[in-house]
Structure formats: C-alpha cells, structure tokens
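So this block is work_24.cif, mmCIF, C-alpha atoms and all ligand atoms:
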data_structure
#
loop_
_atom_site.label_atom_id
_atom_site.label_comp_id
_atom_site.auth_asym_id
_atom_site.auth_seq_id
_atom_site.Cartn_x
_atom_site.Cartn_y
_atom_site.Cartn_z
CA MET A 1 114.43 88.26 106.88
CA ASN A 2 115.98 84.81 106.97
CA ASN A 3 113.94 83.57 109.90
CA ASP A 4 110.72 84.14 107.95
CA LYS A 5 108.75 81.06 107.08
CA ILE A 6 106.13 81.06 104.34
CA LEU A 7 103.13 79.10 105.52
CA PRO A 8 100.98 77.01 103.16
CA SER A 9 98.60 79.95 102.78
CA PRO A 10 100.27 82.47 100.44
CA SER A 11 98.60 85.40 102.17
CA PHE A 12 100.95 86.06 105.09
CA THR A 13 104.43 85.64 106.51
CA LEU A 14 105.24 84.50 110.03
CA SER A 15 108.37 85.81 111.72
CA LYS A 16 109.80 86.80 115.10
CA GLY A 17 108.97 90.24 116.40
CA ILE A 18 110.02 92.19 119.49
CA ASN A 19 111.30 89.98 122.34
CA GLY A 20 111.05 86.94 120.06
CA LEU A 21 107.25 87.04 120.00
CA ASP A 22 105.66 85.55 116.88
CA LYS A 23 104.15 88.02 114.48
CA VAL A 24 102.30 87.76 111.21
CA LEU A 25 102.92 90.20 108.37
CA LEU A 26 100.17 90.88 105.86
CA ARG A 27 101.07 92.67 102.67
CA GLU A 28 98.60 93.74 100.03
CA SER A 29 99.79 93.85 96.42
CA ARG A 30 99.49 97.67 96.18
CA GLY A 31 101.79 98.10 99.19
CA SER A 32 99.64 98.46 102.30
CA SER A 33 100.59 96.20 105.19
CA ALA A 34 99.66 95.10 108.70
CA GLU A 35 101.36 93.25 111.54
CA VAL A 36 99.60 91.00 114.00
CA TYR A 37 101.22 89.55 117.12
CA LEU A 38 99.97 86.13 118.13
CA TYR A 39 100.31 87.39 121.69
CA GLY A 40 96.89 88.99 122.21
CA GLY A 41 95.79 88.41 118.58
CA HIS A 42 96.97 92.00 118.55
CA VAL A 43 97.30 94.18 115.44
CA THR A 44 100.33 96.40 116.15
CA SER A 45 100.80 98.09 112.79
CA TRP A 46 98.71 99.13 109.80
CA LYS A 47 100.44 101.05 107.01
CA ASN A 48 99.03 102.58 103.86
CA ASP A 49 100.58 102.09 100.42
CA HIS A 50 102.99 105.01 101.09
CA GLY A 51 104.32 103.12 104.12
CA GLU A 52 102.78 105.63 106.58
CA GLU A 53 101.83 104.16 109.95
CA LEU A 54 98.14 104.65 110.74
CA LEU A 55 97.97 103.10 114.21
CA PHE A 56 99.54 104.49 117.35
CA LEU A 57 101.96 102.20 119.20
CA SER A 58 103.62 103.59 122.31
CA SER A 59 107.40 103.92 122.20
CA LYS A 60 107.24 102.47 125.72
CA ALA A 61 105.11 99.42 124.85
CA THR A 62 106.82 96.52 126.61
CA PHE A 63 105.89 93.44 124.52
CA LYS A 64 106.34 91.44 127.72
CA PRO A 65 103.58 88.97 128.59
CA PRO A 66 101.45 89.00 130.67
CA LYS A 67 101.19 92.77 130.13
CA ALA A 68 99.05 93.78 127.16
CA ILE A 69 100.77 95.67 124.33
CA ARG A 70 100.16 99.46 124.60
CA GLY A 71 98.81 100.64 121.25
CA GLY A 72 97.63 99.03 118.03
CA ILE A 73 94.37 97.14 118.47
CA PRO A 74 94.10 95.21 121.75
CA ILE A 75 91.05 92.96 121.95
CA CYS A 76 88.97 93.42 125.08
CA PHE A 77 87.17 90.11 125.66
CA PRO A 78 85.25 88.59 127.41
CA GLN A 79 84.98 91.77 129.43
CA PHE A 80 85.37 95.43 128.61
CA GLY A 81 87.01 97.56 131.32
CA SER A 82 85.81 96.76 134.80
CA HIS A 83 82.31 95.76 133.64
CA GLY A 84 82.46 92.32 135.33
CA THR A 85 84.45 90.13 137.69
CA LEU A 86 87.52 89.55 135.48
CA ASP A 87 90.67 91.65 135.32
CA GLN A 88 90.47 94.94 133.38
CA HIS A 89 89.49 94.29 129.71
CA GLY A 90 89.29 90.48 130.12
CA PHE A 91 92.02 88.03 129.16
CA ALA A 92 92.08 87.75 125.33
CA ARG A 93 94.73 90.49 125.07
CA ASN A 94 97.05 88.57 127.43
CA ARG A 95 96.85 85.14 125.82
CA PHE A 96 98.83 83.49 123.05
CA TRP A 97 96.55 82.92 120.06
CA THR A 98 97.32 80.35 117.38
CA ILE A 99 97.02 80.40 113.61
CA ASP A 100 93.84 78.69 112.52
CA ASP A 101 94.92 76.62 109.53
CA ASP A 102 91.51 75.23 108.79
CA PRO A 103 88.86 77.84 109.59
CA PRO A 104 85.25 77.19 108.68
CA PRO A 105 84.24 79.22 105.59
CA PHE A 106 84.20 82.96 106.11
CA PRO A 107 81.49 84.57 103.99
CA THR A 108 83.09 88.05 104.19
CA ASN A 109 86.31 89.54 102.77
CA ASN A 110 86.22 87.40 99.63
CA LEU A 111 88.16 90.04 97.71
CA SER A 112 91.03 90.06 100.13
CA LYS A 113 94.05 87.84 99.56
CA ALA A 114 96.08 89.25 102.44
CA PHE A 115 94.56 87.79 105.55
CA VAL A 116 95.23 85.56 108.50
CA ASP A 117 92.90 83.50 110.65
CA LEU A 118 93.66 83.24 114.35
CA ILE A 119 91.97 81.27 117.07
CA LEU A 120 91.80 81.55 120.83
CA LYS A 121 90.51 78.78 123.05
CA PRO A 122 90.49 79.15 126.81
CA SER A 123 93.20 77.35 128.78
CA GLU A 124 92.27 75.01 131.64
CA GLU A 125 93.20 77.84 133.98
CA ASP A 126 90.84 80.24 132.16
CA ILE A 127 88.01 77.72 132.37
CA LYS A 128 88.69 77.23 136.09
CA ASN A 129 88.43 80.99 136.67
CA TRP A 130 85.61 81.65 134.31
CA ASN A 131 83.79 78.35 133.83
CA HIS A 132 83.06 78.81 130.12
CA SER A 133 84.45 77.17 127.05
CA PHE A 134 84.55 78.97 123.72
CA GLU A 135 86.25 79.26 120.36
CA TYR A 136 87.11 82.76 119.30
CA ARG A 137 88.05 83.07 115.65
CA LEU A 138 89.58 86.28 114.38
CA ARG A 139 90.27 87.11 110.77
CA VAL A 140 92.54 90.09 110.10
CA ALA A 141 92.48 91.14 106.44
CA LEU A 142 93.70 93.93 104.20
CA GLY A 143 91.34 94.98 101.44
CA PRO A 144 92.58 95.89 97.95
CA GLY A 145 92.39 99.61 98.84
CA GLY A 146 94.40 99.05 102.04
CA ASP A 147 91.39 98.89 104.36
CA LEU A 148 91.97 96.93 107.54
CA MET A 149 89.21 94.49 108.42
CA LEU A 150 88.81 92.53 111.61
CA THR A 151 86.06 89.98 111.94
CA TYR A 152 85.46 87.92 115.00
CA ARG A 153 83.25 84.89 115.44
CA ILE A 154 82.68 83.47 118.85
CA ARG A 155 81.16 80.04 119.31
CA HIS A 156 80.57 78.58 122.61
CA ALA A 157 80.15 75.09 123.97
CA ASN A 158 78.88 74.67 127.52
CA SER A 159 76.37 76.69 129.58
CA ASP A 160 75.02 80.12 128.48
CA PHE A 161 77.57 82.85 128.75
CA SER A 162 77.60 86.62 128.43
CA PHE A 163 80.41 88.87 127.36
CA THR A 164 81.26 92.47 126.61
CA PHE A 165 83.75 93.38 123.93
CA ALA A 166 85.86 96.10 122.29
CA TYR A 167 88.37 96.46 119.49
CA HIS A 168 90.46 98.98 121.44
CA THR A 169 91.79 100.80 118.36
CA TYR A 170 94.58 103.36 118.94
CA LEU A 171 94.61 105.68 115.91
CA SER A 172 97.71 107.68 115.15
CA VAL A 173 96.98 111.42 114.83
CA SER A 174 99.27 114.37 114.14
CA ASP A 175 98.01 116.51 117.03
CA ILE A 176 94.97 115.68 119.15
CA SER A 177 93.96 119.35 119.27
CA GLU A 178 93.55 119.27 115.46
CA VAL A 179 91.23 116.25 115.44
CA ARG A 180 87.48 116.20 115.00
CA LEU A 181 85.25 113.20 115.39
CA GLU A 182 81.93 113.01 113.54
CA GLY A 183 79.07 110.57 113.98
CA LEU A 184 78.51 110.62 117.75
CA GLU A 185 76.70 113.98 118.00
CA THR A 186 73.53 114.04 120.16
CA LEU A 187 74.03 110.45 121.36
CA ASP A 188 73.85 109.21 124.94
CA TYR A 189 77.06 108.14 126.61
CA LEU A 190 78.31 106.72 129.90
CA ASP A 191 81.12 108.82 131.31
CA ASN A 192 83.85 106.65 132.83
CA LEU A 193 85.27 109.78 134.46
CA GLN A 194 81.97 110.40 136.27
CA ASN A 195 81.07 106.99 137.73
CA LYS A 196 79.68 105.75 134.40
CA GLU A 197 76.81 108.24 134.69
CA ARG A 198 74.68 108.71 131.58
CA PHE A 199 74.73 112.02 129.67
CA THR A 200 73.73 113.24 126.20
CA GLU A 201 76.32 114.63 123.80
CA GLN A 202 75.74 118.07 122.33
CA GLY A 203 75.14 118.65 118.64
CA ASP A 204 78.65 119.46 117.43
CA ALA A 205 81.37 117.15 116.22
CA LEU A 206 83.70 116.16 119.08
CA THR A 207 86.99 117.98 119.60
CA PHE A 208 89.57 117.30 122.32
CA GLU A 209 90.98 119.61 124.99
CA SER A 210 91.23 117.35 128.03
CA GLU A 211 90.99 113.75 129.20
CA VAL A 212 88.08 111.82 127.70
CA ASP A 213 86.78 108.32 128.53
CA LYS A 214 83.21 107.87 127.29
CA ILE A 215 81.12 104.95 126.11
CA TYR A 216 78.71 106.17 123.42
CA LEU A 217 75.60 104.03 123.13
CA SER A 218 73.66 102.79 120.10
CA THR A 219 76.06 104.45 117.70
CA PRO A 220 75.75 104.50 113.90
CA THR A 221 77.70 101.98 111.84
CA LYS A 222 80.04 104.68 110.55
CA ILE A 223 82.24 107.15 112.47
CA ALA A 224 84.76 109.59 110.97
CA ILE A 225 87.93 110.86 112.64
CA ILE A 226 89.27 113.88 110.80
CA ASP A 227 92.94 114.81 111.26
CA HIS A 228 93.18 118.35 109.87
CA GLU A 229 96.94 118.63 110.07
CA LYS A 230 97.58 115.32 108.29
CA LYS A 231 94.68 116.02 105.89
CA ARG A 232 93.54 112.49 106.58
CA THR A 233 90.20 111.06 107.61
CA PHE A 234 89.83 107.68 109.24
CA VAL A 235 86.49 106.04 108.56
CA LEU A 236 85.49 103.36 111.00
CA ARG A 237 82.68 101.03 109.95
CA LYS A 238 81.32 98.38 112.27
CA ASP A 239 78.76 95.60 112.37
CA GLY A 240 77.32 93.91 115.42
CA LEU A 241 79.08 96.39 117.72
CA PRO A 242 76.57 99.05 118.76
CA ASP A 243 78.71 101.05 121.19
CA ALA A 244 81.83 103.18 120.68
CA VAL A 245 84.38 104.13 123.32
CA VAL A 246 86.38 107.33 122.92
CA TRP A 247 89.50 107.55 125.07
CA ASN A 248 92.46 109.86 125.46
CA PRO A 249 94.30 109.79 128.83
CA TRP A 250 95.67 113.36 128.46
CA ASP A 251 98.76 114.54 130.35
CA LYS A 252 98.25 113.42 133.97
CA LYS A 253 97.16 109.86 133.22
CA ALA A 254 99.77 109.57 130.48
CA LYS A 255 102.47 110.31 133.09
CA ALA A 256 101.00 107.69 135.42
CA MET A 257 101.23 104.90 132.81
CA ALA A 258 104.62 103.19 132.76
CA ASP A 259 104.20 101.94 129.19
CA PHE A 260 103.10 105.27 127.69
CA GLY A 261 105.28 108.31 126.92
CA ASP A 262 104.44 111.53 128.77
CA ASP A 263 103.58 113.46 125.60
CA GLU A 264 102.27 110.60 123.50
CA TYR A 265 98.65 111.44 124.32
CA LYS A 266 99.00 114.25 121.76
CA HIS A 267 99.46 111.75 118.97
CA MET A 268 96.74 109.19 119.59
CA LEU A 269 93.02 108.78 119.94
CA CYS A 270 91.26 105.55 120.83
CA VAL A 271 87.95 105.00 119.07
CA GLU A 272 86.76 101.56 120.01
CA ALA A 273 83.99 99.61 118.27
CA ALA A 274 82.38 97.87 121.20
CA ASN A 275 79.52 96.03 122.78
CA ILE A 276 79.30 97.09 126.39
CA GLU A 277 75.94 98.39 127.56
CA LYS A 278 73.97 95.23 126.73
CA ALA A 279 76.18 92.17 127.15
CA ILE A 280 75.89 89.54 124.43
CA THR A 281 74.54 86.22 125.69
CA LEU A 282 75.29 83.04 123.77
CA LYS A 283 73.55 79.73 124.26
CA PRO A 284 75.53 76.52 123.67
CA GLY A 285 76.30 76.12 119.96
CA GLU A 286 75.36 79.72 119.11
CA GLU A 287 77.79 81.94 117.23
CA TRP A 288 78.28 85.70 117.41
CA LYS A 289 79.94 87.79 114.76
CA GLY A 290 81.26 91.34 114.97
CA ARG A 291 83.18 93.26 112.33
CA LEU A 292 85.36 96.35 112.20
CA GLU A 293 86.59 97.97 109.01
CA LEU A 294 89.03 100.87 109.07
CA SER A 295 90.01 103.01 106.14
CA ALA A 296 92.18 106.10 105.87
CA VAL A 297 91.28 108.53 103.09
CA PRO A 298 92.57 111.97 102.09
CA SER A 299 90.64 114.71 103.89
CA SER A 300 89.01 116.18 100.81
CA TYR A 301 86.53 113.60 102.09
CA CYS A 302 85.75 115.52 105.22
CA SER A 303 83.17 117.39 107.20
CA GLY A 304 79.66 117.45 105.82
CA GLN A 305 79.88 114.17 103.98
CA LEU A 306 79.30 112.51 107.30
CA ASP A 307 76.38 114.50 108.58
CA PRO A 308 74.52 112.53 111.28
CA GLN A 309 71.57 111.70 109.03
CA ARG A 310 73.74 110.17 106.34
CA VAL A 311 75.81 108.33 108.90
CA LEU A 312 72.69 106.82 110.43
CA GLN A 313 71.54 105.66 107.04
CA GLY A 314 74.95 104.08 106.48
CA SER A 315 75.48 105.82 103.15
O1 LIG A 401 95.26 100.66 130.57
P1 LIG A 401 94.27 99.75 129.90
O2 LIG A 401 93.83 98.61 130.79
O3 LIG A 401 94.80 99.24 128.59
O4 LIG A 401 93.00 100.60 129.58
C1 LIG A 401 93.07 101.76 128.85
C2 LIG A 401 91.70 102.42 128.74
O5 LIG A 401 90.83 101.55 128.04
C3 LIG A 401 89.52 102.04 127.76
O6 LIG A 401 89.52 103.01 126.79
C4 LIG A 401 88.82 102.49 129.02
O7 LIG A 401 87.60 103.14 128.72
C5 LIG A 401 89.71 103.37 129.86
O8 LIG A 401 89.08 103.60 131.11
C6 LIG A 401 91.07 102.74 130.08
O9 LIG A 401 91.88 103.59 130.85
#
Could you write out this file's structure as structure tokens?
Amino acid sequence: MNNDKILPSPSFTLSKGINGLDKVLLRESRGSSAEVYLYGGHVTSWKNDHGEELLFLSSKATFKPPKAIRGGIPICFPQFGSHGTLDQHGFARNRFWTIDDDPPPFPTNNLSKAFVDLILKPSEEDIKNWNHSFEYRLRVALGPGGDLMLTYRIRHANSDFSFTFAYHTYLSVSDISEVRLEGLETLDYLDNLQNKERFTEQGDALTFESEVDKIYLSTPTKIAIIDHEKKRTFVLRKDGLPDAVVWNPWDKKAKAMADFGDDEYKHMLCVEAANIEKAITLKPGEEWKGRLELSAVPSSYCSGQLDPQRVLQGS
C-alpha cells in the first residue's frame, strides 16, 4: 500500500481504511494480525496466523461517523446501554481517538511487539454535556500466539465521576445454533428483554435458539465460546471487568437494524467483558485499569476443561 506510513514505533502501520478513515494495522511475526480504526478506537479485524477472520463485522457496517461501526469491538464508555443519561453506549465509540506517541509505562504485554497505544480525551462539547475531564488510554496488542489483548487505563482530572463500560466484542461463529458458551452457568443476570429484571441461570452451558440480551453479574475471569462446526474455541479472559453481556439480536431485530444483514445474526455472538451493575467511581487523579484477552484455540480444548469450578479458580 503506497499510502502507508511507518511511524517511529516499528510495531504498527497507519493507513487509510474504508471511507478514508485512519486505521492501524498490527501484524505479529507468526502471521496473526489486527486492524484498529482511530474512529471509535475500534478493533474491526482480528485474524489468526492462517488469515482466518475471528471477529464478526457486518457487511452493512457504514463506517460513517457519527454512527458507530457495526461489528468488531466497539468500546462502550462512559456508559453501557441506557444505564445513564448519555446516548446509548456512551460516546467513546463515536469519537476520533489519536495515537498516543508517549504513553506512560505499561506494565503488561511486555512480550508483545505488535501493539498500538491510543488516547481519547473529551472534547469541549463532551465536557459541556458531561462535565468531566478524563484521559482514556487504550493499548491494543497481539501476543506471540496471536492472542488479542486490550487494556484500558482511565485517569481523571476534575470532580469524582462514575462510569459503566463494555468491550462489545462481536465474535465470528459458523452457525449460532452450533455454539455453546461455558463459564456463566448458575450465575445471576439482568435480562434486558425483561425490563432488566434479575434471574438466575440454570446449570447447563448456554446454547442459542432465540434473541438473547443478558448482563451476567460477578462472572469468572474466564469464559469459553465453543464453535462446534468450526472446531474452534474462543477463550475470553478479563481483569477488572466483573460482568459479561451476551447478545444476539436474532431474526426480527436483525431485520430492524439498517447496518446489519438480515441473516447475519447466525454468524455472530457478542460476549462483552463489562462493568455495569456497580459503576466505577474515580476520584480526581485516580486511575482505573481493565483488561480483555481473547484467544482462539482448536476445539480439542473444549467442554470439560472449563468446568465452572476450574473457571472460578482461573486455572
Ligand atoms: O445497536 P447498539 O447501540 O450498537 O447496541 C447493540 C446491543 O448492545 C448490547 O449488547 C445491548 O445489551 C443490547 O441491548 C444492544 O441492542
């Protein structure tokens, strides 16, 4: 690509993506890769070392600000969903982030050479509407085995402020009816389809036959999404993000979304590392860190290895 420009850091390439939006390409030496749009600080692609796409991105995603990109990993901040006074999912996914050329030291991801640091600071308009100033630093990194790692650090300057948060990860699956999710059995959840009422999940791994929109509470650090047809298991590990949202719009809602194909619900599942039930409150000068790590492994690693007890112990 002749419009690519190598930045001083050797770890990524900056180029123009869809509709001329800036995007960063990360490539790990063994062949895995990821793409991050500065619009939204939004990961739109994550490929393994065979070049297979692991994230779902709608064929109808518009890439037209101020609409958020449909698919990949939108960042819901400083508000998840309608849990507050801001627009749905807050504003971070609709803002232009910048590359942070001089981030303060990051203690994590030392092994990774393929990474980029982004930063979001509120505009004057955001501060007028929301009255809080903050610095949101996001590092997107690829591990040597192709794992995708997202770490955020939020520091804040003026009066106390509270936020809710989600990495709204759209995983690509072969066929939703062939997918099983392990790690959320027997947990309490708020059902967005039933006025956020609280229920308790039954003891079996989750399978999918209709629309689902649930916020699981106090979840373990590890969740597994097993795609039987692809013989692939996604393992989602998280720190500092106690909740997990599971969302699939199914057929009716899919048809109602302009930027989502009618049948695309069959090929995606959102599993979102989140902090929703108990908002995080930061005092001036305090910093908050949350981390998501995604890996995709062959499904010989499947059911049983992630029994709830082991998951809870983080083994
Ligand atoms: O259409 P969006 O604003 O991107 O939201 C998409 C979905 O996000 C989350 O998963 C929520 O729990 C859903 O209620 C919502 O429909």
| message | Neighbours of ligand LIG 401 (chain A) at 10 Å or closer, counting only C-alpha atoms and all ligand atoms: which residues, as a PyMOL selection string? | response | chain A and resi 67-71+74-76+80-82+87-90+93+166-170+191-193+212-215+244-249+253-254+257-260+269-272
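The neighbours of Thr164 in chain A here are the residues that come within 6 Å of it, using only C-alpha atoms and leaving out any residue fewer than 4 positions away in the same chain; they are A:Pro78, A:Gln79, A:Phe80, A:Asn275, A:Ile276, A:Ala279.
Of note, CA of Ile176 in chain A and CA of Lys230 in chain A are spaced 11.2 Å apart.
Atom pair CA of Lys121 in chain A / CA of Ile73 in chain A: separated by 19.3 Å.
Closest approach to Glu178 in chain A among A:Glu264, A:Asp227, A:Glu286, A:Glu125 is made by A:Asp227 (distances from all atoms listed in the file).
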| Which residues come within 7 Å of Ile99 in chain A, counting only C-alpha atoms, excluding same-chain residues fewer than 6 positions away, as a ChimeraX atom specification? | /A:117-119
Can you write out the residues you just picked, keeping C-alpha atoms, as a tab-separated table (two decimals), in the coordinates of the input?
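Result file is result15.tsv:
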chain	number	residue	atom	x	y	z
A	117	ASP	CA	92.90	83.50	110.65
A	118	LEU	CA	93.66	83.24	114.35
A	119	ILE	CA	91.97	81.27	117.07
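The shortest atom-to-atom distance to Val173 in chain A, with only C-alpha atoms taken into account, belongs to A:Glu53 out of A:Glu53, A:Glu211, A:Asp251, A:Asp126.
Picture a line from CA of Leu21 in chain A to CA of Val116 in chain A; it runs 16.7 Å.
With distances taken over all atoms listed in the file, A:Val140 is the one residue among A:Met268, A:Leu120, A:Met149, A:Val140 lying closest to Val24 in chain A.
Of the residues under consideration (A:Ile225, A:His132, A:Asp102, A:Ser299), A:His132 shows the shortest atom-to-atom contact distance to Asp160 in chain A when counting all atoms listed in the file.
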